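**Student:** Here you go, structure.cif (mmCIF, C-alpha atoms; chains and numbers go by the auth columns):
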```
data_start
loop_
_atom_site.group_PDB
_atom_site.id
_atom_site.type_symbol
_atom_site.label_atom_id
_atom_site.label_comp_id
_atom_site.label_asym_id
_atom_site.label_seq_id
_atom_site.Cartn_x
_atom_site.Cartn_y
_atom_site.Cartn_z
_atom_site.B_iso_or_equiv
_atom_site.auth_seq_id
_atom_site.auth_asym_id
ATOM 1 C CA MET A 1 97.825 125.525 114.791 0.00 1 A
ATOM 2 C CA LYS A 2 99.130 125.742 111.255 0.00 2 A
ATOM 3 C CA ASN A 3 98.902 122.398 109.545 0.00 3 A
ATOM 4 C CA LYS A 4 102.114 120.552 108.628 0.00 4 A
ATOM 5 C CA ASN A 5 102.983 119.627 105.042 0.00 5 A
ATOM 6 C CA PHE A 6 103.101 115.988 105.981 0.00 6 A
ATOM 7 C CA LYS A 7 100.435 113.728 107.407 0.00 7 A
ATOM 8 C CA GLY A 8 100.856 110.307 108.844 0.00 8 A
ATOM 9 C CA MET A 9 100.124 107.820 111.515 0.00 9 A
ATOM 10 C CA ILE A 10 102.585 106.009 113.752 0.00 10 A
ATOM 11 C CA VAL A 11 101.243 102.755 115.125 0.00 11 A
ATOM 12 C CA SER A 12 102.853 100.307 117.503 0.00 12 A
ATOM 13 C CA SER A 13 101.171 97.094 118.580 0.00 13 A
ATOM 14 C CA VAL A 14 101.858 94.825 121.531 0.00 14 A
ATOM 15 C CA SER A 15 99.985 91.516 121.462 0.00 15 A
ATOM 16 C CA GLY A 16 99.686 88.586 123.841 0.00 16 A
ATOM 17 C CA LEU A 17 97.698 85.391 124.090 0.00 17 A
ATOM 18 C CA LEU A 18 94.554 85.584 126.138 0.00 18 A
ATOM 19 C CA LEU A 19 94.054 81.829 126.492 0.00 19 A
ATOM 20 C CA VAL A 20 97.166 79.712 126.979 0.00 20 A
ATOM 21 C CA ALA A 21 97.197 75.992 127.703 0.00 21 A
ATOM 22 C CA ALA A 22 100.941 75.407 128.077 0.00 22 A
ATOM 23 C CA GLY A 23 104.119 76.879 126.668 0.00 23 A
ATOM 24 C CA SER A 24 103.453 78.503 123.286 0.00 24 A
ATOM 25 C CA THR A 25 100.099 76.794 122.755 0.00 25 A
ATOM 26 C CA SER A 26 97.469 79.358 121.703 0.00 26 A
ATOM 27 C CA ALA A 27 94.333 77.379 122.490 0.00 27 A
ATOM 28 C CA VAL A 28 92.734 75.278 125.192 0.00 28 A
ATOM 29 C CA GLU A 29 91.295 71.980 123.939 0.00 29 A
ATOM 30 C CA PHE A 30 89.165 69.451 125.784 0.00 30 A
ATOM 31 C CA ASP A 31 86.369 66.943 125.147 0.00 31 A
ATOM 32 C CA VAL A 32 82.772 67.084 126.269 0.00 32 A
ATOM 33 C CA GLY A 33 81.428 63.617 125.559 0.00 33 A
ATOM 34 C CA ASP A 34 82.102 62.986 121.866 0.00 34 A
ATOM 35 C CA THR A 35 82.509 66.701 121.119 0.00 35 A
ATOM 36 C CA ALA A 36 85.966 68.262 120.838 0.00 36 A
ATOM 37 C CA VAL A 37 85.950 71.846 122.151 0.00 37 A
ATOM 38 C CA LYS A 38 88.600 74.469 121.460 0.00 38 A
ATOM 39 C CA LEU A 39 88.856 77.839 123.247 0.00 39 A
ATOM 40 C CA SER A 40 91.159 80.400 121.683 0.00 40 A
ATOM 41 C CA GLY A 41 91.705 84.103 121.279 0.00 41 A
ATOM 42 C CA TYR A 42 94.140 86.839 122.156 0.00 42 A
ATOM 43 C CA ALA A 43 94.555 90.089 124.062 0.00 43 A
ATOM 44 C CA LYS A 44 95.907 92.911 121.902 0.00 44 A
ATOM 45 C CA LEU A 45 97.063 96.361 122.952 0.00 45 A
ATOM 46 C CA ASP A 46 97.331 99.098 120.303 0.00 46 A
ATOM 47 C CA LEU A 47 99.438 102.195 120.940 0.00 47 A
ATOM 48 C CA ILE A 48 98.464 104.867 118.404 0.00 48 A
ATOM 49 C CA TYR A 49 99.876 108.325 117.768 0.00 49 A
ATOM 50 C CA ASP A 50 98.277 110.526 115.080 0.00 50 A
ATOM 51 C CA VAL A 51 100.717 113.172 113.872 0.00 51 A
ATOM 52 C CA ASP A 52 98.027 115.762 113.119 0.00 52 A
ATOM 53 C CA SER A 53 94.285 114.918 112.869 0.00 53 A
ATOM 54 C CA ASP A 54 92.695 112.546 115.368 0.00 54 A
ATOM 55 C CA LEU A 55 91.748 109.577 113.179 0.00 55 A
ATOM 56 C CA GLY A 56 90.056 107.547 115.923 0.00 56 A
ATOM 57 C CA ASN A 57 90.289 103.820 116.675 0.00 57 A
ATOM 58 C CA LEU A 58 90.499 103.164 112.937 0.00 58 A
ATOM 59 C CA ILE A 59 91.927 105.368 110.220 0.00 59 A
ATOM 60 C CA THR A 60 88.812 107.487 109.649 0.00 60 A
ATOM 61 C CA HIS A 61 89.657 108.888 106.233 0.00 61 A
ATOM 62 C CA ARG A 62 87.166 111.752 106.355 0.00 62 A
ATOM 63 C CA ASN A 63 89.085 113.159 109.344 0.00 63 A
ATOM 64 C CA ILE A 64 92.329 113.530 107.385 0.00 64 A
ATOM 65 C CA ARG A 65 92.997 117.260 107.000 0.00 65 A
ATOM 66 C CA LEU A 66 93.866 118.795 103.664 0.00 66 A
ATOM 67 C CA ASP A 67 96.915 121.042 103.266 0.00 67 A
ATOM 68 C CA LYS A 68 94.982 124.285 103.794 0.00 68 A
ATOM 69 C CA GLN A 69 92.977 123.069 106.804 0.00 69 A
ATOM 70 C CA ASN A 70 94.047 123.895 110.342 0.00 70 A
ATOM 71 C CA GLY A 71 93.482 122.069 113.597 0.00 71 A
ATOM 72 C CA PRO A 72 95.173 120.651 116.680 0.00 72 A
ATOM 73 C CA ASP A 73 98.134 118.348 116.057 0.00 73 A
ATOM 74 C CA GLY A 74 99.220 115.259 117.951 0.00 74 A
ATOM 75 C CA HIS A 75 96.803 112.706 119.413 0.00 75 A
ATOM 76 C CA SER A 76 97.694 109.644 121.502 0.00 76 A
ATOM 77 C CA ARG A 77 95.409 106.656 121.925 0.00 77 A
ATOM 78 C CA MET A 78 95.663 103.272 123.662 0.00 78 A
ATOM 79 C CA GLN A 79 93.107 100.534 123.126 0.00 79 A
ATOM 80 C CA ALA A 80 92.571 96.818 123.633 0.00 80 A
ATOM 81 C CA ILE A 81 89.231 96.552 121.837 0.00 81 A
ATOM 82 C CA GLN A 82 90.586 94.324 119.051 0.00 82 A
ATOM 83 C CA SER A 83 91.036 91.531 121.625 0.00 83 A
ATOM 84 C CA ARG A 84 89.187 88.425 120.496 0.00 84 A
ATOM 85 C CA LEU A 85 87.472 85.307 121.874 0.00 85 A
ATOM 86 C CA ARG A 86 86.622 82.164 119.884 0.00 86 A
ATOM 87 C CA VAL A 87 84.866 78.907 120.744 0.00 87 A
ATOM 88 C CA SER A 88 84.755 76.071 118.199 0.00 88 A
ATOM 89 C CA THR A 89 83.457 72.518 118.427 0.00 89 A
ATOM 90 C CA LEU A 90 83.700 69.363 116.335 0.00 90 A
ATOM 91 C CA THR A 91 81.161 66.573 116.847 0.00 91 A
ATOM 92 C CA PRO A 92 81.267 63.298 114.877 0.00 92 A
ATOM 93 C CA THR A 93 78.048 61.983 113.367 0.00 93 A
ATOM 94 C CA THR A 94 77.037 58.683 111.834 0.00 94 A
ATOM 95 C CA ALA A 95 76.129 60.309 108.507 0.00 95 A
ATOM 96 C CA SER A 96 78.285 62.337 106.104 0.00 96 A
ATOM 97 C CA GLY A 97 80.951 63.678 108.404 0.00 97 A
ATOM 98 C CA PRO A 98 81.159 65.746 111.589 0.00 98 A
ATOM 99 C CA VAL A 99 79.304 68.886 112.677 0.00 99 A
ATOM 100 C CA LYS A 100 81.490 71.927 113.225 0.00 100 A
ATOM 101 C CA THR A 101 80.397 75.070 115.083 0.00 101 A
ATOM 102 C CA VAL A 102 82.172 78.395 115.576 0.00 102 A
ATOM 103 C CA ILE A 103 81.326 81.396 117.751 0.00 103 A
ATOM 104 C CA GLU A 104 83.733 84.339 117.696 0.00 104 A
ATOM 105 C CA GLY A 105 83.561 87.891 118.982 0.00 105 A
ATOM 106 C CA ASP A 106 85.694 90.932 119.692 0.00 106 A
ATOM 107 C CA PHE A 107 85.146 94.235 121.491 0.00 107 A
ATOM 108 C CA PHE A 108 84.871 96.556 118.504 0.00 108 A
ATOM 109 C CA GLY A 109 81.088 96.949 118.785 0.00 109 A
ATOM 110 C CA ASN A 110 79.560 100.450 118.615 0.00 110 A
ATOM 111 C CA GLY A 111 82.882 101.985 117.667 0.00 111 A
ATOM 112 C CA GLY A 112 84.805 100.217 120.407 0.00 112 A
ATOM 113 C CA GLY A 113 84.225 98.770 123.873 0.00 113 A
ATOM 114 C CA ASP A 114 81.143 96.585 123.346 0.00 114 A
ATOM 115 C CA LEU A 115 81.228 92.862 122.623 0.00 115 A
ATOM 116 C CA ARG A 116 80.584 92.332 118.904 0.00 116 A
ATOM 117 C CA LEU A 117 79.571 89.103 117.179 0.00 117 A
ATOM 118 C CA ARG A 118 81.938 88.320 114.304 0.00 118 A
ATOM 119 C CA HIS A 119 81.144 84.702 113.421 0.00 119 A
ATOM 120 C CA ALA A 120 78.452 82.307 114.628 0.00 120 A
ATOM 121 C CA TYR A 121 77.761 79.330 112.373 0.00 121 A
ATOM 122 C CA GLY A 122 77.525 75.581 112.040 0.00 122 A
ATOM 123 C CA VAL A 123 78.780 73.418 109.164 0.00 123 A
ATOM 124 C CA TRP A 124 77.695 69.904 108.214 0.00 124 A
ATOM 125 C CA ASN A 125 78.214 68.006 104.960 0.00 125 A
ATOM 126 C CA GLY A 126 78.968 71.177 102.988 0.00 126 A
ATOM 127 C CA ILE A 127 75.996 73.094 104.444 0.00 127 A
ATOM 128 C CA LEU A 128 76.795 76.246 106.441 0.00 128 A
ATOM 129 C CA ALA A 129 74.127 78.085 108.441 0.00 129 A
ATOM 130 C CA GLY A 130 74.774 81.190 110.510 0.00 130 A
ATOM 131 C CA GLN A 131 76.832 84.368 110.285 0.00 131 A
ATOM 132 C CA THR A 132 80.242 84.563 108.635 0.00 132 A
ATOM 133 C CA THR A 133 82.057 86.452 105.877 0.00 133 A
ATOM 134 C CA THR A 134 79.899 86.891 102.782 0.00 134 A
ATOM 135 C CA ASN A 135 80.270 84.278 100.078 0.00 135 A
ATOM 136 C CA PHE A 136 80.762 87.132 97.595 0.00 136 A
ATOM 137 C CA THR A 137 84.241 87.839 98.996 0.00 137 A
ATOM 138 C CA SER A 138 87.501 86.012 98.389 0.00 138 A
ATOM 139 C CA PHE A 139 90.505 86.708 100.598 0.00 139 A
ATOM 140 C CA LEU A 140 92.876 86.249 97.649 0.00 140 A
ATOM 141 C CA GLY A 141 94.905 89.379 97.077 0.00 141 A
ATOM 142 C CA PHE A 142 94.010 91.032 100.391 0.00 142 A
ATOM 143 C CA THR A 143 96.896 92.895 102.000 0.00 143 A
ATOM 144 C CA PRO A 144 97.211 92.677 105.803 0.00 144 A
ATOM 145 C CA THR A 145 97.697 96.081 107.428 0.00 145 A
ATOM 146 C CA ILE A 146 98.285 97.360 110.943 0.00 146 A
ATOM 147 C CA ASP A 147 95.086 99.385 110.673 0.00 147 A
ATOM 148 C CA PHE A 148 92.114 97.187 111.602 0.00 148 A
ATOM 149 C CA LEU A 149 90.039 98.717 108.790 0.00 149 A
ATOM 150 C CA GLY A 150 92.417 97.504 106.081 0.00 150 A
ATOM 151 C CA PRO A 151 93.485 99.225 102.842 0.00 151 A
ATOM 152 C CA LEU A 152 91.260 101.420 100.705 0.00 152 A
ATOM 153 C CA GLY A 153 89.623 99.813 97.701 0.00 153 A
ATOM 154 C CA GLU A 154 89.382 96.303 99.109 0.00 154 A
ATOM 155 C CA GLY A 155 86.326 94.143 98.445 0.00 155 A
ATOM 156 C CA ASN A 156 83.336 93.756 100.719 0.00 156 A
ATOM 157 C CA LEU A 157 84.206 91.843 103.894 0.00 157 A
ATOM 158 C CA SER A 158 80.751 91.985 105.455 0.00 158 A
ATOM 159 C CA ARG A 159 79.916 89.173 107.842 0.00 159 A
ATOM 160 C CA GLN A 160 76.437 88.132 106.774 0.00 160 A
ATOM 161 C CA ALA A 161 73.772 85.818 108.151 0.00 161 A
ATOM 162 C CA GLN A 162 73.482 83.194 105.420 0.00 162 A
ATOM 163 C CA LEU A 163 72.655 79.681 104.318 0.00 163 A
ATOM 164 C CA ARG A 164 75.511 78.343 102.141 0.00 164 A
ATOM 165 C CA TYR A 165 76.258 75.129 100.298 0.00 165 A
ATOM 166 C CA THR A 166 79.796 74.266 99.206 0.00 166 A
ATOM 167 C CA ALA A 167 80.758 71.452 96.825 0.00 167 A
ATOM 168 C CA GLY A 168 84.447 71.316 96.032 0.00 168 A
ATOM 169 C CA ASP A 169 85.597 74.720 94.743 0.00 169 A
ATOM 170 C CA PHE A 170 82.064 76.068 94.189 0.00 170 A
ATOM 171 C CA SER A 171 79.738 77.614 96.775 0.00 171 A
ATOM 172 C CA VAL A 172 76.311 79.215 96.595 0.00 172 A
ATOM 173 C CA ALA A 173 74.505 81.094 99.360 0.00 173 A
ATOM 174 C CA LEU A 174 71.341 82.944 100.297 0.00 174 A
ATOM 175 C CA GLU A 175 72.357 85.944 102.404 0.00 175 A
ATOM 176 C CA ASP A 176 70.756 88.634 104.526 0.00 176 A
ATOM 177 C CA PRO A 177 69.731 91.428 102.113 0.00 177 A
ATOM 178 C CA GLY A 178 69.982 94.263 104.615 0.00 178 A
ATOM 179 C CA SER A 179 73.612 95.317 104.264 0.00 179 A
ATOM 180 C CA LEU A 180 75.516 93.836 101.319 0.00 180 A
ATOM 181 C CA GLY A 181 75.723 96.659 98.775 0.00 181 A
ATOM 182 C CA GLY A 182 73.950 99.226 100.965 0.00 182 A
ATOM 183 C CA ALA A 183 70.350 100.441 101.055 0.00 183 A
ATOM 184 C CA SER A 184 68.263 101.940 98.262 0.00 184 A
ATOM 185 C CA THR A 185 66.287 105.187 98.216 0.00 185 A
ATOM 186 C CA ILE A 186 63.864 106.986 95.918 0.00 186 A
ATOM 187 C CA LEU A 187 65.346 110.051 94.232 0.00 187 A
ATOM 188 C CA ALA A 188 62.986 112.990 93.883 0.00 188 A
ATOM 189 C CA ALA A 189 63.020 114.270 90.305 0.00 189 A
ATOM 190 C CA GLN A 190 63.026 118.058 89.722 0.00 190 A
ATOM 191 C CA SER A 191 63.426 118.753 93.436 0.00 191 A
ATOM 192 C CA PRO A 192 66.098 120.511 95.525 0.00 192 A
ATOM 193 C CA GLU A 193 65.721 117.688 98.056 0.00 193 A
ATOM 194 C CA PRO A 194 67.476 114.721 96.385 0.00 194 A
ATOM 195 C CA ILE A 195 65.949 111.977 98.553 0.00 195 A
ATOM 196 C CA ILE A 196 62.277 111.620 99.419 0.00 196 A
ATOM 197 C CA PRO A 197 62.252 111.704 103.252 0.00 197 A
ATOM 198 C CA ASN A 198 59.485 109.154 103.779 0.00 198 A
ATOM 199 C CA ALA A 199 60.930 106.539 101.416 0.00 199 A
ATOM 200 C CA SER A 200 62.153 103.380 103.129 0.00 200 A
ATOM 201 C CA SER A 201 64.325 100.579 101.803 0.00 201 A
ATOM 202 C CA GLN A 202 62.685 97.176 101.299 0.00 202 A
ATOM 203 C CA ASN A 203 64.333 93.782 101.436 0.00 203 A
ATOM 204 C CA ASN A 204 61.826 91.323 100.030 0.00 204 A
ATOM 205 C CA ILE A 205 64.086 88.411 99.116 0.00 205 A
ATOM 206 C CA PRO A 206 67.563 87.262 100.201 0.00 206 A
ATOM 207 C CA ASP A 207 70.661 88.078 98.177 0.00 207 A
ATOM 208 C CA LEU A 208 72.029 85.263 96.026 0.00 208 A
ATOM 209 C CA THR A 209 75.820 84.881 95.937 0.00 209 A
ATOM 210 C CA LEU A 210 77.991 82.430 94.002 0.00 210 A
ATOM 211 C CA ARG A 211 81.741 81.875 94.211 0.00 211 A
ATOM 212 C CA TYR A 212 84.289 79.639 92.512 0.00 212 A
ATOM 213 C CA GLU A 213 87.811 79.537 93.955 0.00 213 A
ATOM 214 C CA SER A 214 90.636 77.284 92.814 0.00 214 A
ATOM 215 C CA SER A 215 94.307 77.255 91.841 0.00 215 A
ATOM 216 C CA ALA A 216 96.573 76.270 88.979 0.00 216 A
ATOM 217 C CA GLY A 217 100.207 75.803 89.865 0.00 217 A
ATOM 218 C CA SER A 218 101.369 78.835 91.860 0.00 218 A
ATOM 219 C CA ILE A 219 98.361 80.942 90.851 0.00 219 A
ATOM 220 C CA ALA A 220 95.222 80.995 93.005 0.00 220 A
ATOM 221 C CA TYR A 221 92.129 82.613 91.535 0.00 221 A
ATOM 222 C CA ALA A 222 88.489 83.288 92.394 0.00 222 A
ATOM 223 C CA THR A 223 85.398 84.681 90.731 0.00 223 A
ATOM 224 C CA SER A 224 82.139 85.536 92.465 0.00 224 A
ATOM 225 C CA ALA A 225 78.790 87.147 91.754 0.00 225 A
ATOM 226 C CA VAL A 226 75.882 88.618 93.681 0.00 226 A
ATOM 227 C CA VAL A 227 72.292 89.145 92.564 0.00 227 A
ATOM 228 C CA ARG A 228 69.918 91.141 94.735 0.00 228 A
ATOM 229 C CA GLN A 229 66.563 92.842 94.564 0.00 229 A
ATOM 230 C CA LEU A 230 66.506 96.544 95.421 0.00 230 A
ATOM 231 C CA GLY A 231 63.230 98.003 96.596 0.00 231 A
ATOM 232 C CA VAL A 232 61.841 101.142 98.193 0.00 232 A
ATOM 233 C CA TYR A 233 58.445 102.122 99.563 0.00 233 A
ATOM 234 C CA ASP A 234 57.214 105.736 99.550 0.00 234 A
ATOM 235 C CA ALA A 235 54.742 106.274 102.383 0.00 235 A
ATOM 236 C CA ASP A 236 53.516 109.600 100.956 0.00 236 A
ATOM 237 C CA THR A 237 52.264 108.029 97.727 0.00 237 A
ATOM 238 C CA ASP A 238 51.809 104.460 98.973 0.00 238 A
ATOM 239 C CA SER A 239 53.929 103.239 96.055 0.00 239 A
ATOM 240 C CA GLU A 240 56.759 100.758 95.588 0.00 240 A
ATOM 241 C CA GLU A 241 59.693 100.635 93.218 0.00 241 A
ATOM 242 C CA LYS A 242 61.757 97.476 92.669 0.00 242 A
ATOM 243 C CA ALA A 243 64.707 96.516 90.493 0.00 243 A
ATOM 244 C CA PHE A 244 67.344 93.799 90.339 0.00 244 A
ATOM 245 C CA GLY A 245 71.015 94.581 90.739 0.00 245 A
ATOM 246 C CA TYR A 246 74.108 92.474 90.333 0.00 246 A
ATOM 247 C CA GLY A 247 77.837 92.568 90.911 0.00 247 A
ATOM 248 C CA VAL A 248 80.879 90.513 89.967 0.00 248 A
ATOM 249 C CA SER A 249 84.312 90.126 91.507 0.00 249 A
ATOM 250 C CA LEU A 250 87.604 88.725 90.221 0.00 250 A
ATOM 251 C CA ALA A 251 90.632 87.970 92.386 0.00 251 A
ATOM 252 C CA ALA A 252 93.970 86.257 91.904 0.00 252 A
ATOM 253 C CA CYS A 253 97.357 86.018 93.566 0.00 253 A
ATOM 254 C CA ARG A 254 100.651 84.264 93.003 0.00 254 A
ATOM 255 C CA THR A 255 102.060 81.898 95.642 0.00 255 A
ATOM 256 C CA CYS A 256 99.545 83.203 98.201 0.00 256 A
ATOM 257 C CA THR A 257 98.714 81.239 101.315 0.00 257 A
#
```
Let me see the structure of the file written as structure tokens.
**Tutor:**
Amino acid sequence: MKNKNFKGMIVSSVSGLLLVAAGSTSAVEFDVGDTAVKLSGYAKLDLIYDVDSDLGNLITHRNIRLDKQNGPDGHSRMQAIQSRLRVSTLTPTTASGPVKTVIEGDFFGNGGGDLRLRHAYGVWNGILAGQTTTNFTSFLGFTPTIDFLGPLGEGNLSRQAQLRYTAGDFSVALEDPGSLGGASTILAAQSPEPIIPNASSQNNIPDLTLRYESSAGSIAYATSAVVRQLGVYDADTDSEEKAFGYGVSLAACRTCT
């Protein structure tokens, strides 16, 4: 079918609470000994209609057709895979405050349908251990969208296994080096094949991330940095190449919450 001159996506969403204690309460809370337990989450139904290209459960940008490309138009989709479950606990201790734990998952694993771990961590006295959003990211300036993927050009929102310490507005963390910033490869010089096939990425040491986030009046601001070692091993020559990389991020917003 001849492609239209316009492209778009019409999305409607119907959401409801999955766990309801009473009335409009969105969580179930109870005590187990000295530990306060909270169960929360929601069931969410997405009704999606793609005007031309089928963009999938998320807006898959590579599937957007250009003006001169042809293909079938009109695709309907219904899904509930963004539904979410969360369990959190708070346990008092005799030293330096309580212990908090969080386990949260949704059903967006493997492209949709499988239970996926989002957060799983414990916090005590400023020390966080487990998996949660990378310390390199600040949510300041992020724009909520209907599309679960979010807008183009946003910062890295990877949920990383990490060990983090927070003191006031400053936090520092050692994070899993396997995904933040992608993998590294050896480029073959003077070769039509740009990547050596038997080269494998190495992750010898954790990534180091630092973040400072504060506010002044109606302006909230954050700055963060990441330092990581990039390494590759070439099995054909039994050789290694290593280098350090870094990145910085700045974010700010006015009267954001």
**Student:** My list of candidates is A:Leu66, A:Ile127, A:Leu115, A:Ala252. Which is closest to Ser96 (chain A) when distances are computed with all atoms listed in the file?
**Tutor:**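 Selected residue with least distance to Ser96 (chain A): A:Ile127.
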**Student:** Give me the residues within 12 Å of Glu240 (chain A) as a ChimeraX atom specification, counting all atoms listed in the file and dropping any in the same chain fewer than 2 places off.
**Tutor:** /A:184-186,199-204,230-238,242-243
**Student:** Under the rule that only C-alpha atoms are counted, which of A:Gln131, A:Leu157, A:Arg62, A:Val37 is the nearest residue to Lys100 (chain A)?
**Tutor:**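 The closest residue to Lys100 (chain A) is A:Val37.
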**Student:** What is the distance between CA of Thr223 (chain A) and CA of Val102 (chain A), in Å to one decimal?
**Tutor:**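 According to the coordinates, CA of Thr223 (chain A) and CA of Val102 (chain A) are separated by 25.8 Å.
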**Student:** With distances taken over only C-alpha atoms, which residue among A:Gln229, A:Gly111, A:Thr145, A:Thr255 lies nearest Glu241 (chain A)?
**Tutor:**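 When distances to Glu241 (chain A) are compared using only C-alpha atoms, the smallest one comes from A:Gln229.
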**Student:** Under the rule that only C-alpha atoms are counted, which of A:Leu47, A:Arg84, A:Ala173, A:Thr91 is the nearest residue to Asp114 (chain A)?
**Tutor:** A:Arg84
**Student:** Tell me, as a list in words, which residues lie within 7 Å of Gly130 (chain A), counting all atoms listed in the file; anything in the same chain fewer than 6 positions away does not count.
**Tutor:**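 Surrounding residues, per the criterion: Ala120, Tyr121, Gly122, Ala161, Gln162 and Leu163 of chain A.
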**Student:** Starting from the PyMOL selection byres ((chain A and resi 228) around 9), expand the selection into actual residues of this file and give them as a list in words.
**Tutor:**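 Selection result, ordered by chain and number: Pro177, Gly181, Ile205, Pro206, Asp207, Leu208, Thr209, Val226, Val227, Gln229, Leu230, Ala243, Phe244, Gly245, Tyr246 and Gly247 of chain A.
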**Student:** Check the smallest atom-to-atom distance from each of A:Ile64, A:Leu250, A:Val123, A:Met78 to Tyr49 (chain A) using all atoms listed in the file, then report the winner.
**Tutor:**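 Using all atoms listed in the file, Tyr49 (chain A) sits closest to A:Met78.
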**Student:** When distances are computed from only C-alpha atoms, which of A:Leu90, A:Leu58, A:Val51, A:Ala43 shows the smallest separation from Phe30 (chain A)?
**Tutor:** A:Leu90
**Student:** Quick check on the file I pasted: which residues fall under the PyMOL selection byres ((chain A and resi 221) around 12)? Write them as a list in words.
**Tutor:**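 So the PyMOL selection byres ((chain A and resi 221) around 12), applied here, picks out Ser138, Phe139, Leu140, Gly141, Asp169, Arg211, Tyr212, Glu213, Ser214, Ser215, Ala216, Gly217, Ser218, Ile219, Ala220, Ala222, Thr223, Ser224, Ser249, Leu250, Ala251, Ala252, Cys253, Arg254, Thr255, Cys256 and Thr257 of chain A.
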**Student:** Grab the CA of Ser88 (chain A) to CA of Glu29 (chain A) distance for me, in Å with one decimal place.
**Tutor:**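 Between CA of Ser88 (chain A) and CA of Glu29 (chain A) the gap works out to 9.6 Å.
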**Student:** When the PyMOL selection byres ((chain A and resi 77) around 10) is applied to the file above, which residues end up in the set, as a PyMOL selection string?
**Tutor:** chain A and resi 11+46-50+54-57+75-76+78-79
**Student:** One decimal, Å: what's the distance from CA of Ser40 (chain A) over to CA of Leu85 (chain A), could you say?
**Tutor:**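 Distance between the two atoms: 6.1 Å.
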**Student:** For region 81-86 of chain A, take all atoms listed in the file, fit an axis-aligned box around them, add 5 Å to each of the six sides, then output centre and edge lengths in Å rounded to one decimal, as AutoDock Vina command-line options.
**Tutor:**
```
--center_x 88.8 --center_y 89.4 --center_z 120.5 --size_x 14.4 --size_y 24.4 --size_z 12.8
```
